[in-house]
Amino acid sequence: MKLSKTYEPAKFEPSIYALWETSGAFMPSGKGDPYSIVMPPPNANGNLHVGHAYMIPIEDVLTRYYRMQGRDTVWIPGADHAGFETWVVFERYLNSQGKSRFDYSREELYQMTWDFVEQNRGNMELQIRALGASCDWSSTVFTLDKKVIDTVYQTFHKLWDDGLVYRGNRIVNYCPHHQTSFADIEVEYREEKSNLWHIAYPLTSGAGEIEVATTRPETMLGDTAIAVHPDDPRYKDLIGKTVILPLVGREIPIVADEAVELDFGTGAVKITPAHDPVDFEIGQRHNLPQIQVIGFDGKITDAAPVEYQGLTTEEARLEIVEHLKLAGALRQVEEFTHQVPHCYKCGAVIQPLLMKQWFINVKPLAKRAKEAVEDGRIHFVPAQKGYELIHYYDELRDWNISRQIPWGIPIPAFQNVDDPDDWIFDTRVEQTEIEVNGKTYRRDEDTFDTWFSSGQWPFVTTDYLSDGKLCKFYPNSVMETGVDILRAWVARMIMLGLYMTNKVPFRDVFLHGLILDEHGQKMSKSKGNVVNPMEIIDKYGSDALRIGIIMNRSAGQAQAFSEASVVAGRNFCNKLWNIARYIEDKADSANVANEDVDDAEPETIADHWILSRLEQARVDLSNHITNYRFAEAVETVYHAVWDELADWYIEASKVEANPAFMRRVLGIALRLVHPFAPFVTETIWTTIRGQESLLISQPWPSELKFSKTKAADFEAIVELVNELRNIQGQLPSRKYRLVYDESRVVEENEELIASLARLKDVKHDHTPHGLRIVLPRSTTWLELSDEEILSYKDDLQAKLDKLKNEIYALEKRLSNKGYIEKAPERLVEETKRNLSDKKRQTTHIGEQLSEIS
RNA sequence: GGGCAGGUAGCUCAGCUGGCUAGAGCGCCACAUUCACACUGUGGAGGUCGGGAGUUCGAGUCUCUUUCUGCCCACCA
C-alpha cells in the first residue's frame, strides 16, 4: 500500500482507532511491571470540553509510552453519573415538561434520570475515541454500576462500624432552589455590597437597650440570645440580663462568648442558632433553643410571627427593616461589603439551615492522608499542590455526605419509625420500609454526595477489595486530573483509599490547569468563547489537536488555548507524512524489502549522524515523560523530526542514500512520535508494513549505536553549510564555488556540501582565493569577486565588532580572581577555550578584512 | 484578612540544581523553489526577563521590597 499524496487525517483516524480496539492492543499485556492510570470519569451525558482534550492526550501519552516500554499497562475509562450536575439538567428538563420532582417517587425519578442519561450516553465515549485514547474499554466503569455501589456500601459500613459516620443535627449549606444541602467545598463565595443594620434591643428591665449589627436582619425572627465578649467593658454589667426581641416580643438572654469580636460592629451579636454556623456553636455552648424561621423552601416558617410567614427571605428582610424603622429600633444603616455564599450551580444564596444529615468524621482520615503527602508517598506535580493539600487537611471539617436529590447512590440507612434516634445500616434500599427484630424501619430518602463514591474510584475500578483481575493495578501509577478538583476529589481519594486499603491510591499526582480561551479569558457559554474539541478535530485532525494542546503548556497553570499551536501540530503531522512518502519512494525504487529493515546498518556519515540525534531525542524524551514535562517532550520530537530528520538527513539523502537504513530511521522516528501523534504514525506504519504488527504494540527503541567520529564528520558539514548559507544570505543570489586546499571532511563530501549549501560546486585548489571561512574542522574559501567580497565587508566588520565585545567580556571574566577561584573548573576551562576560539576567529576575520582593503 | 500562582520577543508560552551569546510555536520581513511537503525551503528583524534594592566571581533563576493580573481559602455577625 502507498501513502496518499496529501495528509488528510479525517480519512484514516476512525479506522485506525477501530483497528487498535479490535486488535486488543488496549488491554494489559500481562507481562512486565504494572502501570496504571484511572481516567477521571467524564460526565456520562455530556459532551467533552476542551479540558478533556488536554486530559485525554496526556494520559494517553503516558499510557502509550509505558506500554511501549514493556510495562503491563492499563488505562481504565469510566463514566460519571455526576449526581447533582446531571440532576440539575434533568430537573430543568422536567420543569420544561411542566412537571416537578414532587410529582414522582424516588424510584420513578431515578429511573427517569437513568433513561435520560442513557439516551445521551455513548456520545462522550465516541469523543474519547476520537481523541485517540488507548484505554481499555473492556474494564470501563460507570459510577452507578453494581460493583461501585457494593464497594461504596462496604466503605460506608466500615465507617459506620468504626464510628466515623454519624447522624448530626447541624448547620448545613442549603440551596433553597435545588432543595439540597452541599459540602462546604461546593459553596461559592461572592463579594457583595450590602448593609450592616444596627438594631436596638430594649432591656427587659426597661433600663436602656443594647445595639447589635447584622447583615441578615430577617434572621432576627429566630434569635434566641445576644452575645457579647466576656471582657467587653461596655457590656460587662449586662451579661445575664435579658432583652425583648423587637417585632417578636420574645425575651432572650445576653450571654458572654469568646467568639464575639470586640471591635466589629457594636461588639454585640444577635444569636440565631438555627441559621448560622457560628451562632449554632454559641448556642450549643449556652444551651440556647434553635428556632427555624427559614424553611427548606427558602420561605419564612410558622415559627415566626404570622405577618412574615410565607415571605421569601428577601421580602422578609425589606418588611422587617421597614417595621424596625417604624418601631424606632433601627439605629443605623451602614454600607458593608462581604462574602456571601452562593449555590455554585444556580447562584441562589445559600441558606445555612439546621438539618439532620450524615456526616463523616474526617479527622482520623485526614491525619493519615496528610502524612502520606508529607512523607512523599504521594508525589505532586506541580509540587506546591501537595503543600496546599497538607494545609487543607489541617483545617478540614466534618463532611456532610447527604444529598436531597434522587439521582445518586441511595444511603443504606434506615430509621426506626418509633424511635428517631435508632438508625441501622442495611443495604435493602429498594424497599422503603424493612422489618428488623420486630421493629419497623423507614429508609433514608437521601443519596450520597457524588464525591463520596468517586472518592473511592481507584480501588473501585481495579476491584482491589475483591481481588479482581485488575487488582494488581492498585495503587495506580499516576492520577492525572484538573487542579480545580484537587480538594473535592484528589483529597478524598487519598483519605478513603488509605482508610479502605491501607495503601495510597496512587503514587504520583499530575494536575493540569484550566484551559482558557485565546485571550486568557475563562471559557463560558455566556461569553460564547467555548472551544469545542470535536470541531478542532474536524478541522485539523486529532493528532494536531493533541500536539497543539500539549505544546506551550505547563502543569497546574491556567493557560490559553491557541489554535495556532494546533495548526503547528497539523503542519508537523504533514511533515512526518511527507518524510514517510519520500523514504518510501526511495526504498521502493531501490527495491528494499520490508523485512529486516530494523536491522539495517548505518553507512553514510548522515546515517551515523541521524542516529546520534535520534538517540539524544530518545533519551531526552524519556526524561521529559518520566518527569511529566509534556510540552518539552513534544518539542523534542518536533525538532528531532523536523529540524534534524527532514532538514538535514533527508536533504543529505538526496546526494547519497541508504534506502534500507532510511526505512529503519523512519521506524525509529515513528516509535518516538507515536505517543503524541498516534493516528498518523500508526497509519504510516501499517500502510508500509501491513497490519500484522501494529505500531501501538511495538517496543520503545533501545539505545541506538553509531560511530561518533562519523557523526562528528557530518556535524562538521552542518556547521560549514550553516556558515555558507549565512554568508550567502547577505549576498546577491547566484551559485558560488567553494574551494579548499587541505580538508579531509570537505574533500570526502564535495557533492554533499554543494547540494546542502546550494553551491555551484566544491573544488580542490592549491591556491585558493576568495572569502576565507575558518571553522574548527575545516578551512575553505568561497570564491567571490572582489566586488562581492567588498559588499560583504560591512558584515565582516560587524562580525568582528561583535566578537571583540565578546572577547572583552570573556577576558574580564577570566581576569576576575573570584571567578577563577570559585567557579567550577570545567566552566573556567570552557571559558578559556571559548576565548581562544574567538581570538582565532578574530585573527582570521582581521586578515580577511586587510586582504579586502 | 490569609495563602498560592503568574507578569520573559507582536501573540501564546518554555527556561529543571544560579553559569557564559535567554529559547520554541505562531506572527512579521527578505529571498527561493515547484525536485516528499506552500500544511514548503533558506536567511533575518524583534527581548535592558514588571520596577527597585540585596546576596554572589556570576541572577530571568536566590533574598527582600514594590506594583499589576489571576486563582483559592476564611464564621468578623
# chains A, B, ... in the order shown; residues from 1 in each chain; ligands from 1

$ residues_around --residues "stretch 340-347 of chain A" --least-positions-apart "6" --cutoff "12 Å" --atoms "only C-alpha atoms (C1' of nucleotides)" --output "PyMOL selection string"
(chain A and resi 84-89+92+172-194+215-216+276) or (chain B and resi 75)

$ write_last_selection --atoms "N, CA, C and O atoms (P, O5', C5', C4', C3', O3' and C1' of nucleotides)" --output "short mmCIF file (atom, residue, chain, number, x, y, z; two decimals), in the first residue's frame"
data_model
loop_
_atom_site.label_atom_id
_atom_site.label_comp_id
_atom_site.auth_asym_id
_atom_site.auth_seq_id
_atom_site.Cartn_x
_atom_site.Cartn_y
_atom_site.Cartn_z
N PHE A 84 -25.33 15.53 41.19
CA PHE A 84 -26.00 16.82 41.23
C PHE A 84 -26.01 17.50 39.86
O PHE A 84 -27.01 18.06 39.42
N GLU A 85 -24.86 17.42 39.15
CA GLU A 85 -24.76 18.06 37.84
C GLU A 85 -25.85 17.57 36.90
O GLU A 85 -26.55 18.34 36.26
N THR A 86 -25.95 16.25 36.82
CA THR A 86 -26.94 15.66 35.94
C THR A 86 -28.35 15.98 36.43
O THR A 86 -29.26 16.26 35.64
N TRP A 87 -28.51 15.95 37.73
CA TRP A 87 -29.83 16.20 38.30
C TRP A 87 -30.33 17.59 37.92
O TRP A 87 -31.50 17.77 37.58
N VAL A 88 -29.44 18.55 37.93
CA VAL A 88 -29.82 19.92 37.59
C VAL A 88 -30.35 19.96 36.16
O VAL A 88 -31.38 20.56 35.88
N VAL A 89 -29.62 19.27 35.27
CA VAL A 89 -30.03 19.25 33.86
C VAL A 89 -31.37 18.54 33.72
O VAL A 89 -32.27 19.00 33.02
N ARG A 92 -34.33 20.53 35.13
CA ARG A 92 -34.68 21.62 34.22
C ARG A 92 -35.56 21.07 33.10
O ARG A 92 -36.57 21.66 32.71
N VAL A 172 -26.13 23.13 57.81
CA VAL A 172 -25.61 22.72 56.51
C VAL A 172 -25.80 23.86 55.51
O VAL A 172 -26.58 24.78 55.74
N ASN A 173 -25.06 23.78 54.40
CA ASN A 173 -25.23 24.75 53.32
C ASN A 173 -26.40 24.28 52.49
O ASN A 173 -26.33 23.24 51.85
N TYR A 174 -27.46 25.06 52.47
CA TYR A 174 -28.67 24.59 51.80
C TYR A 174 -29.05 25.53 50.67
O TYR A 174 -29.16 26.75 50.86
N CYS A 175 -29.27 24.92 49.48
CA CYS A 175 -29.72 25.73 48.36
C CYS A 175 -31.23 25.62 48.27
O CYS A 175 -31.76 24.56 47.95
N PRO A 176 -31.96 26.70 48.54
CA PRO A 176 -33.43 26.63 48.54
C PRO A 176 -33.99 26.36 47.15
O PRO A 176 -35.09 25.83 47.02
N HIS A 177 -33.23 26.71 46.12
CA HIS A 177 -33.71 26.46 44.76
C HIS A 177 -33.61 24.97 44.42
O HIS A 177 -34.56 24.34 43.97
N HIS A 178 -32.44 24.38 44.66
CA HIS A 178 -32.28 22.96 44.34
C HIS A 178 -32.74 22.07 45.47
O HIS A 178 -32.81 20.85 45.32
N GLN A 179 -33.02 22.67 46.62
CA GLN A 179 -33.53 21.94 47.76
C GLN A 179 -32.64 20.76 48.16
O GLN A 179 -33.10 19.64 48.35
N THR A 180 -31.38 21.07 48.24
CA THR A 180 -30.46 20.06 48.74
C THR A 180 -29.35 20.77 49.50
O THR A 180 -29.13 21.97 49.32
N SER A 181 -28.66 19.99 50.32
CA SER A 181 -27.54 20.56 51.05
C SER A 181 -26.25 20.28 50.28
O SER A 181 -26.23 19.45 49.38
N PHE A 182 -25.21 20.99 50.65
CA PHE A 182 -23.92 20.84 50.00
C PHE A 182 -22.81 20.70 51.02
O PHE A 182 -22.95 21.15 52.15
N ALA A 183 -21.70 20.15 50.56
CA ALA A 183 -20.49 20.16 51.38
C ALA A 183 -19.92 21.58 51.36
O ALA A 183 -20.22 22.37 50.46
N ASP A 184 -19.10 21.90 52.34
CA ASP A 184 -18.53 23.24 52.42
C ASP A 184 -17.83 23.62 51.12
O ASP A 184 -17.89 24.76 50.66
N ILE A 185 -17.18 22.63 50.53
CA ILE A 185 -16.36 22.88 49.36
C ILE A 185 -17.17 23.24 48.12
O ILE A 185 -16.67 23.82 47.17
N GLU A 186 -18.45 22.90 48.15
CA GLU A 186 -19.26 23.16 46.96
C GLU A 186 -19.90 24.55 46.96
O GLU A 186 -20.62 24.90 46.03
N VAL A 187 -19.64 25.28 48.01
CA VAL A 187 -20.23 26.61 48.10
C VAL A 187 -19.29 27.63 47.49
O VAL A 187 -18.09 27.57 47.66
N GLU A 188 -19.88 28.55 46.75
CA GLU A 188 -19.09 29.56 46.08
C GLU A 188 -19.33 30.91 46.76
O GLU A 188 -20.47 31.38 46.83
N TYR A 189 -18.27 31.52 47.24
CA TYR A 189 -18.43 32.82 47.90
C TYR A 189 -18.24 33.95 46.90
O TYR A 189 -17.32 33.94 46.10
N ARG A 190 -19.16 34.90 46.96
CA ARG A 190 -19.01 36.08 46.09
C ARG A 190 -19.07 37.33 46.95
O ARG A 190 -19.85 37.39 47.90
N GLU A 191 -18.28 38.29 46.54
CA GLU A 191 -18.29 39.54 47.29
C GLU A 191 -19.53 40.33 46.91
O GLU A 191 -19.82 40.49 45.73
N GLU A 192 -20.25 40.80 47.91
CA GLU A 192 -21.45 41.57 47.62
C GLU A 192 -21.53 42.80 48.48
O GLU A 192 -21.12 42.79 49.64
N LYS A 193 -22.09 43.83 47.88
CA LYS A 193 -22.33 45.05 48.64
C LYS A 193 -23.66 44.91 49.33
O LYS A 193 -24.66 44.56 48.72
N SER A 194 -23.66 45.19 50.60
CA SER A 194 -24.91 45.08 51.34
C SER A 194 -24.85 46.11 52.46
O SER A 194 -24.07 47.07 52.39
N THR A 215 -26.01 41.58 59.11
CA THR A 215 -26.15 41.67 57.66
C THR A 215 -27.41 40.96 57.20
O THR A 215 -27.80 41.07 56.05
N ARG A 216 -27.99 40.20 58.10
CA ARG A 216 -29.20 39.45 57.72
C ARG A 216 -30.32 39.71 58.74
O ARG A 216 -30.61 38.86 59.59
N ASP A 276 -27.08 30.02 61.45
CA ASP A 276 -25.72 30.50 61.29
C ASP A 276 -24.77 29.54 61.99
O ASP A 276 -25.01 29.16 63.14
P C B 75 -15.18 29.65 57.42
"O5'" C B 75 -15.71 31.07 57.86
"C5'" C B 75 -17.01 31.48 57.49
"C4'" C B 75 -17.59 32.30 58.59
"C3'" C B 75 -16.63 33.34 59.16
"O3'" C B 75 -16.70 34.53 58.40
"C1'" C B 75 -17.57 32.11 60.94
#

$ interface_residues --of "chain B" --to "chain A" --cutoff "10 Å" --atoms "only C-alpha atoms (C1' of nucleotides)" --output "PyMOL selection string"
chain B and resi 3-6+11-14+16+19-21+24-27+30-32+35-37+39-44+56-58+70-77

$ atom_distance --atom1 "atom CA of A:Asp33" --atom2 "atom CA of A:Ala555"
26.3 Å

$ atom_distance --atom1 "atom CA of A:Leu62" --atom2 "atom CA of A:Met493"
21.1 Å

$ atom_distance --atom1 "atom C1' of B:A22" --atom2 "atom C1' of B:U61"
11.2 Å

$ select_by_dssp --residues "stretch 452-482 of chain A" --states "strand (DSSP E or B)" --output "list of chain:residue names"
A:Asn476, A:Ser477, A:Val478, A:Met479, A:Glu480, A:Thr481, A:Gly482

$ write_last_selection --atoms "C-alpha atoms" --output "PDB file, in the first residue's frame"
ATOM      1  CA  ASN A 476      -2.432   3.470  40.398  1.00  0.00           C
ATOM      2  CA  SER A 477       0.826   4.730  38.967  1.00  0.00           C
ATOM      3  CA  VAL A 478      -0.479   8.230  38.484  1.00  0.00           C
ATOM      4  CA  MET A 479      -3.625  10.251  38.996  1.00  0.00           C
ATOM      5  CA  GLU A 480      -3.953  12.845  36.292  1.00  0.00           C
ATOM      6  CA  THR A 481      -6.715  15.386  36.794  1.00  0.00           C
ATOM      7  CA  GLY A 482      -7.573  19.064  36.950  1.00  0.00           C
TER       8      GLY A 482
END
